[in-house]
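Shown here: input02.cif, mmCIF, C-alpha atoms.
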```
data_final
loop_
_atom_site.label_atom_id
_atom_site.label_comp_id
_atom_site.auth_asym_id
_atom_site.auth_seq_id
_atom_site.Cartn_x
_atom_site.Cartn_y
_atom_site.Cartn_z
CA MET T 1392 -28.88 42.37 -24.61
CA THR T 1393 -25.35 42.27 -26.00
CA PHE T 1394 -24.75 39.96 -28.93
CA ALA T 1395 -22.61 36.93 -28.09
CA LEU T 1396 -21.50 34.38 -30.65
CA ASP T 1397 -22.79 30.83 -30.11
CA PRO T 1398 -20.00 28.60 -28.68
CA ASN T 1399 -20.37 26.08 -31.56
CA LEU T 1400 -19.72 28.82 -34.11
CA GLU T 1401 -16.85 30.10 -31.98
CA ARG T 1402 -15.32 26.61 -31.96
CA ASP T 1403 -15.87 25.70 -35.64
CA THR T 1404 -15.11 28.97 -37.44
CA TRP T 1405 -12.58 31.81 -37.61
CA PHE T 1406 -13.50 35.47 -37.63
CA ILE T 1407 -12.85 37.33 -40.88
CA CYS T 1408 -14.65 40.65 -40.45
CA ASP T 1409 -17.81 42.45 -39.46
CA LEU T 1410 -20.09 43.84 -42.15
CA THR T 1411 -22.98 46.17 -41.27
CA LEU T 1412 -25.21 43.39 -39.95
CA CYS T 1413 -23.25 40.16 -40.09
CA SER T 1414 -19.98 38.81 -38.83
CA VAL T 1415 -18.29 36.87 -41.62
CA ARG T 1416 -16.49 33.72 -40.52
CA LEU T 1417 -14.51 30.94 -42.23
CA HIS T 1418 -15.42 27.35 -41.36
CA LYS T 1419 -12.35 25.47 -40.10
CA ASN T 1420 -13.25 22.41 -42.21
CA ALA T 1421 -10.95 22.89 -45.18
CA THR T 1422 -12.68 20.25 -47.31
CA TRP T 1423 -14.92 22.92 -48.84
CA PRO T 1424 -14.54 26.70 -49.07
CA TRP T 1425 -17.21 27.49 -46.50
CA LEU T 1426 -18.19 30.89 -45.14
CA ILE T 1427 -20.76 31.66 -42.48
CA LEU T 1428 -22.62 34.92 -41.93
CA VAL T 1429 -23.92 35.58 -38.44
CA PRO T 1430 -26.31 38.53 -38.04
CA ARG T 1431 -25.37 40.32 -34.82
CA ARG T 1432 -28.88 40.15 -33.40
CA THR T 1433 -29.88 38.46 -30.17
CA ASP T 1434 -32.59 35.84 -29.83
CA VAL T 1435 -33.27 35.40 -33.53
CA PHE T 1436 -33.36 31.81 -34.71
CA ASP T 1437 -35.31 31.74 -37.96
CA LEU T 1438 -34.52 33.89 -40.98
CA ILE T 1439 -38.08 35.18 -41.14
CA ASP T 1440 -37.85 36.51 -37.58
CA LEU T 1441 -35.28 39.10 -38.61
CA SER T 1442 -36.88 42.47 -39.35
CA GLU T 1443 -37.60 43.22 -42.99
CA ALA T 1444 -34.78 45.79 -43.03
CA ASP T 1445 -32.30 43.33 -41.52
CA GLN T 1446 -33.33 40.65 -44.02
CA GLY T 1447 -32.58 43.09 -46.83
CA THR T 1448 -29.16 43.82 -45.36
CA LEU T 1449 -28.50 40.11 -44.87
CA LEU T 1450 -29.39 39.44 -48.51
CA ARG T 1451 -26.96 42.12 -49.69
CA GLU T 1452 -24.22 40.74 -47.45
CA VAL T 1453 -24.87 37.17 -48.66
CA ASN T 1454 -24.46 38.44 -52.23
CA LYS T 1455 -21.23 40.25 -51.37
CA VAL T 1456 -19.73 37.22 -49.60
CA ALA T 1457 -20.92 34.74 -52.25
CA HIS T 1458 -19.41 36.83 -55.07
CA VAL T 1459 -16.08 36.95 -53.24
CA LEU T 1460 -16.17 33.20 -52.61
CA ARG T 1461 -17.04 32.52 -56.24
CA LYS T 1462 -14.20 34.75 -57.47
CA LEU T 1463 -11.67 33.00 -55.20
CA THR T 1464 -12.77 29.40 -55.78
CA THR T 1465 -14.71 29.26 -59.10
CA PRO T 1466 -17.19 26.64 -57.85
CA ASP T 1467 -19.74 24.75 -59.93
CA LYS T 1468 -22.50 25.53 -57.43
CA LEU T 1469 -23.10 27.71 -54.41
CA ASN T 1470 -25.03 26.24 -51.49
CA ILE T 1471 -26.72 28.95 -49.41
CA ALA T 1472 -28.69 27.87 -46.38
CA SER T 1473 -30.11 28.75 -42.99
CA ILE T 1474 -30.63 25.48 -41.10
CA GLY T 1475 -29.82 25.80 -37.40
CA ASN T 1476 -31.14 22.49 -36.09
CA ILE T 1477 -28.04 22.01 -33.94
CA THR T 1478 -26.69 25.56 -33.56
CA ARG T 1479 -29.79 27.61 -33.00
CA GLN T 1480 -28.28 31.10 -33.32
CA LEU T 1481 -29.25 32.39 -36.78
CA HIS T 1482 -26.43 31.87 -39.28
CA VAL T 1483 -26.28 31.51 -43.04
CA HIS T 1484 -23.94 29.09 -44.80
CA VAL T 1485 -22.34 30.11 -48.10
CA ILE T 1486 -20.46 27.11 -49.45
CA ALA T 1487 -18.55 26.66 -52.71
CA ARG T 1488 -19.21 23.24 -54.20
CA CYS T 1489 -17.37 21.55 -57.05
CA ILE T 1490 -18.45 18.55 -59.08
CA GLY T 1491 -16.57 15.61 -57.60
CA ASP T 1492 -15.76 17.25 -54.24
CA ALA T 1493 -15.62 15.08 -51.09
CA ALA T 1494 -19.39 15.04 -50.57
CA TRP T 1495 -20.70 15.79 -54.07
CA PRO T 1496 -23.61 15.91 -54.78
CA ALA T 1497 -24.71 15.50 -51.14
CA PRO T 1498 -24.89 18.52 -48.83
CA VAL T 1499 -21.88 19.08 -46.58
CA TRP T 1500 -23.71 19.23 -43.24
CA GLY T 1501 -23.04 16.16 -41.14
CA GLN T 1502 -20.06 15.10 -43.27
CA PRO T 1503 -16.77 14.27 -41.50
CA PHE T 1504 -14.49 17.10 -40.45
CA ASN T 1505 -11.10 15.69 -41.41
CA ALA T 1506 -9.22 18.42 -43.26
CA GLU T 1507 -7.81 21.44 -41.51
CA TYR T 1508 -6.13 24.49 -43.01
CA GLY T 1509 -2.46 24.95 -42.38
CA ALA T 1510 -1.73 28.10 -40.35
CA ARG T 1511 -0.27 29.96 -43.35
CA GLN T 1512 -3.02 28.76 -45.72
CA LYS T 1513 -5.69 29.93 -43.28
CA GLU T 1514 -4.03 33.34 -42.82
CA ASP T 1515 -3.74 33.84 -46.57
CA LEU T 1516 -7.35 32.82 -47.22
CA VAL T 1517 -8.74 35.04 -44.45
CA LYS T 1518 -6.68 37.96 -45.76
CA MET T 1519 -7.84 37.42 -49.36
CA ILE T 1520 -11.47 37.28 -48.33
CA TYR T 1521 -11.05 40.29 -46.05
CA ASP T 1522 -9.38 42.30 -48.80
CA ASP T 1523 -12.00 41.35 -51.40
CA LEU T 1524 -14.83 42.31 -49.01
CA HIS T 1525 -13.24 45.74 -48.52
CA HIS T 1526 -12.66 46.67 -52.15
CA MET G 844 -37.07 31.46 -73.60
CA THR G 845 -40.19 30.09 -71.95
CA PHE G 846 -39.81 28.85 -68.39
CA ALA G 847 -40.10 25.08 -68.03
CA LEU G 848 -40.02 23.28 -64.70
CA ASP G 849 -37.12 20.89 -64.18
CA PRO G 850 -38.29 17.25 -64.57
CA ASN G 851 -36.98 16.32 -61.08
CA LEU G 852 -39.12 19.03 -59.49
CA GLU G 853 -42.08 17.97 -61.66
CA ARG G 854 -41.66 14.39 -60.42
CA ASP G 855 -41.05 15.10 -56.71
CA THR G 856 -43.47 17.96 -56.00
CA TRP G 857 -47.08 19.06 -56.50
CA PHE G 858 -48.09 22.48 -57.76
CA ILE G 859 -49.85 24.70 -55.23
CA CYS G 860 -49.92 28.14 -56.85
CA ASP G 861 -47.98 30.84 -58.65
CA LEU G 862 -46.91 33.93 -56.76
CA THR G 863 -45.49 36.97 -58.59
CA LEU G 864 -42.07 35.39 -59.13
CA CYS G 865 -42.18 31.84 -57.81
CA SER G 866 -44.24 28.75 -58.27
CA VAL G 867 -45.00 27.25 -54.86
CA ARG G 868 -44.89 23.46 -54.74
CA LEU G 869 -45.39 20.78 -52.06
CA HIS G 870 -42.76 18.05 -51.81
CA LYS G 871 -44.37 14.61 -52.13
CA ASN G 872 -42.27 13.28 -49.24
CA ALA G 873 -44.77 13.47 -46.39
CA THR G 874 -42.15 12.86 -43.68
CA TRP G 875 -41.66 16.61 -43.28
CA PRO G 876 -43.88 19.58 -44.24
CA TRP G 877 -41.73 20.71 -47.15
CA LEU G 878 -42.44 23.49 -49.63
CA ILE G 879 -40.35 24.52 -52.59
CA LEU G 880 -40.31 27.90 -54.32
CA VAL G 881 -39.20 27.96 -57.94
CA PRO G 882 -38.55 31.39 -59.47
CA ARG G 883 -39.97 31.33 -63.01
CA ARG G 884 -36.71 32.46 -64.60
CA THR G 885 -34.73 30.55 -67.17
CA ASP G 886 -31.06 29.67 -66.92
CA VAL G 887 -30.58 30.84 -63.34
CA PHE G 888 -28.84 28.36 -61.07
CA ASP G 889 -27.41 30.31 -58.16
CA LEU G 890 -29.41 32.63 -55.94
CA ILE G 891 -26.97 35.49 -56.50
CA ASP G 892 -27.53 35.31 -60.27
CA LEU G 893 -31.12 36.46 -59.91
CA SER G 894 -31.45 40.20 -60.44
CA GLU G 895 -31.52 42.34 -57.31
CA ALA G 896 -35.23 43.04 -57.85
CA ASP G 897 -36.03 39.35 -58.26
CA GLN G 898 -34.04 38.51 -55.13
CA GLY G 899 -36.13 41.01 -53.20
CA THR G 900 -39.33 39.43 -54.52
CA LEU G 901 -38.02 35.95 -53.74
CA LEU G 902 -37.26 37.01 -50.17
CA ARG G 903 -40.79 38.37 -49.71
CA GLU G 904 -42.27 35.17 -51.12
CA VAL G 905 -40.05 33.00 -48.90
CA ASN G 906 -41.35 34.98 -45.91
CA LYS G 907 -44.96 34.55 -47.02
CA VAL G 908 -44.61 30.80 -47.58
CA ALA G 909 -42.59 30.24 -44.40
CA HIS G 910 -45.16 32.07 -42.27
CA VAL G 911 -47.95 29.95 -43.74
CA LEU G 912 -45.97 26.76 -43.14
CA ARG G 913 -45.22 27.81 -39.57
CA LYS G 914 -48.88 28.60 -38.88
CA LEU G 915 -50.01 25.22 -40.23
CA THR G 916 -47.32 23.04 -38.64
CA THR G 917 -45.85 24.94 -35.63
CA PRO G 918 -42.31 23.64 -36.19
CA ASP G 919 -39.36 24.04 -33.83
CA LYS G 920 -37.14 25.24 -36.68
CA LEU G 921 -37.42 26.32 -40.29
CA ASN G 922 -34.77 25.13 -42.74
CA ILE G 923 -34.47 27.50 -45.71
CA ALA G 924 -31.96 26.64 -48.42
CA SER G 925 -30.88 26.95 -52.01
CA ILE G 926 -28.65 23.95 -52.78
CA GLY G 927 -29.20 22.61 -56.31
CA ASN G 928 -26.29 20.18 -56.58
CA ILE G 929 -28.56 17.57 -58.20
CA THR G 930 -31.43 19.64 -59.56
CA ARG G 931 -29.73 22.68 -61.02
CA GLN G 932 -32.78 24.84 -61.71
CA LEU G 933 -32.86 27.48 -58.95
CA HIS G 934 -35.28 26.46 -56.18
CA VAL G 935 -35.56 27.31 -52.51
CA HIS G 936 -36.53 24.77 -49.87
CA VAL G 937 -38.71 25.85 -46.93
CA ILE G 938 -38.99 22.92 -44.54
CA ALA G 939 -40.71 22.68 -41.15
CA ARG G 940 -38.58 20.71 -38.71
CA CYS G 941 -39.59 19.36 -35.32
CA ILE G 942 -37.34 18.12 -32.54
CA GLY G 943 -37.40 14.33 -32.83
CA ASP G 944 -38.62 14.19 -36.46
CA ALA G 945 -37.40 11.35 -38.71
CA ALA G 946 -34.05 13.01 -39.50
CA TRP G 947 -33.61 15.39 -36.56
CA PRO G 948 -31.21 17.14 -36.20
CA ALA G 949 -29.73 16.18 -39.59
CA PRO G 950 -30.85 17.98 -42.74
CA VAL G 951 -33.56 16.21 -44.80
CA TRP G 952 -31.75 16.18 -48.14
CA GLY G 953 -30.62 12.69 -49.08
CA GLN G 954 -32.87 11.05 -46.47
CA PRO G 955 -35.15 8.19 -47.58
CA PHE G 956 -38.43 9.01 -49.29
CA ASN G 957 -40.76 6.54 -47.64
CA ALA G 958 -43.90 8.38 -46.60
CA GLU G 959 -46.45 9.59 -49.09
CA TYR G 960 -49.52 11.71 -48.52
CA GLY G 961 -52.88 10.05 -48.95
CA ALA G 962 -54.88 11.59 -51.81
CA ARG G 963 -57.32 13.32 -49.47
CA GLN G 964 -54.58 14.49 -47.09
CA LYS G 965 -52.62 15.96 -49.98
CA GLU G 966 -55.69 17.76 -51.38
CA ASP G 967 -56.52 19.21 -47.96
CA LEU G 968 -52.95 20.38 -47.34
CA VAL G 969 -52.58 21.97 -50.77
CA LYS G 970 -55.93 23.73 -50.30
CA MET G 971 -55.00 25.01 -46.83
CA ILE G 972 -51.68 26.38 -48.07
CA TYR G 973 -53.31 27.88 -51.16
CA ASP G 974 -56.01 29.55 -49.06
CA ASP G 975 -53.51 30.91 -46.55
CA LEU G 976 -51.33 32.31 -49.33
CA HIS G 977 -54.33 34.14 -50.77
CA HIS G 978 -55.65 35.76 -47.60
#
```

If you took the structure in this file and wrote it as structure tokens, what would it be?
Amino acid sequence: MTFALDPNLERDTWFICDLTLCSVRLHKNATWPWLILVPRRTDVFDLIDLSEADQGTLLREVNKVAHVLRKLTTPDKLNIASIGNITRQLHVHVIARCIGDAAWPAPVWGQPFNAEYGARQKEDLVKMIYDDLHH
Amino acid sequence: MTFALDPNLERDTWFICDLTLCSVRLHKNATWPWLILVPRRTDVFDLIDLSEADQGTLLREVNKVAHVLRKLTTPDKLNIASIGNITRQLHVHVIARCIGDAAWPAPVWGQPFNAEYGARQKEDLVKMIYDDLHH
């Protein structure tokens, strides 16, 4: 079966690039620097249902993406999570959190979506992340 | 430096057992079957600051614990997350979620803590998890 991105992820995020296993996407909610990794595997909902090899690849890609996000945003804390109660397709959140940010210290899931990137700001951020992931 | 459990984790969870890297603990909030893995490493706050070897061990232990939790509780979804905005010591949540549970589909963090295990129920659950982790 061909991999197809879940419509919720399609709606809420922008494509940045494909790594070996995962597509890396930027969440459109500009309140927090928020990346999402989506393993291009069909019919996998829970992290532990990925093969052992894929889990290893996912872990390496999470590290790569999280280091890039940390370099670009110097957060106080990284939040890394696979939840999927609403959007079942397996995806991993990598979110940069700062003390005093709009939801701090609560998690960001379920918080209002009221800040969007400007077109130029989004293009610049996607390009920076893309470039950092390819160097 | 000797590893010491964060006082929040000491207060909110019960010890089940030590695996190679992590202590496995049961969250006292009985609303959801909720396990927490705490790598016995000092001064590590973000997942990506664990060594590569430790991250591999953590991933294996998360799989082990999550499979045990799934077998015991047959959830609709597993929530697996490293957040740590309040309790900074690195810890990984493994939570069994069911459609229609007290917070569904919202995440459990920040939800009220209003259901405790009875003493016997807690002992039985800890023993079942312990036994399953050692077979």

Just say which residues the PyMOL selection byres ((chain T and resi 1418) around 7) picks in this file, as a PyMOL selection string. chain T and resi 1403-1405+1416-1417+1419-1420+1425-1427

Could you check the closest approach to Ile891 (chain G) for each of T:Thr1411, T:Ser1473, T:Asn1399, T:Asn1454 and tell me which residue wins, using all atoms listed in the file?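 When distances to Ile891 (chain G) are compared using all atoms listed in the file, the smallest one comes from T:Asn1454.
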
Residue list for chain G near chain T as an MDAnalysis selection string, 9 Å, only C-alpha atoms: chainID G and resid 888:891 895 898:899 902:903 905:906 909:910 919:929 931 940 942 947:950 952:953

Interatomic distance between CA of Val867 (chain G) and CA of Leu901 (chain G)?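 Separating CA of Val867 (chain G) from CA of Leu901 (chain G) is a distance of 11.2 Å.
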
Fewer than 5 positions away in the same chain doesn't count, so skip those; otherwise give me all residues within 9 Å of Lys1518 (chain T), counting all atoms listed in the file, as a PyMOL selection string. chain T and resi 1407+1513+1523

Give as a PyMOL selection string the set of residues within 7 Å of the point (-23.3, 40.1, -36.3), where distances use the file's coordinates and all atoms listed in the file. chain T and resi 1409+1412-1414+1429-1432
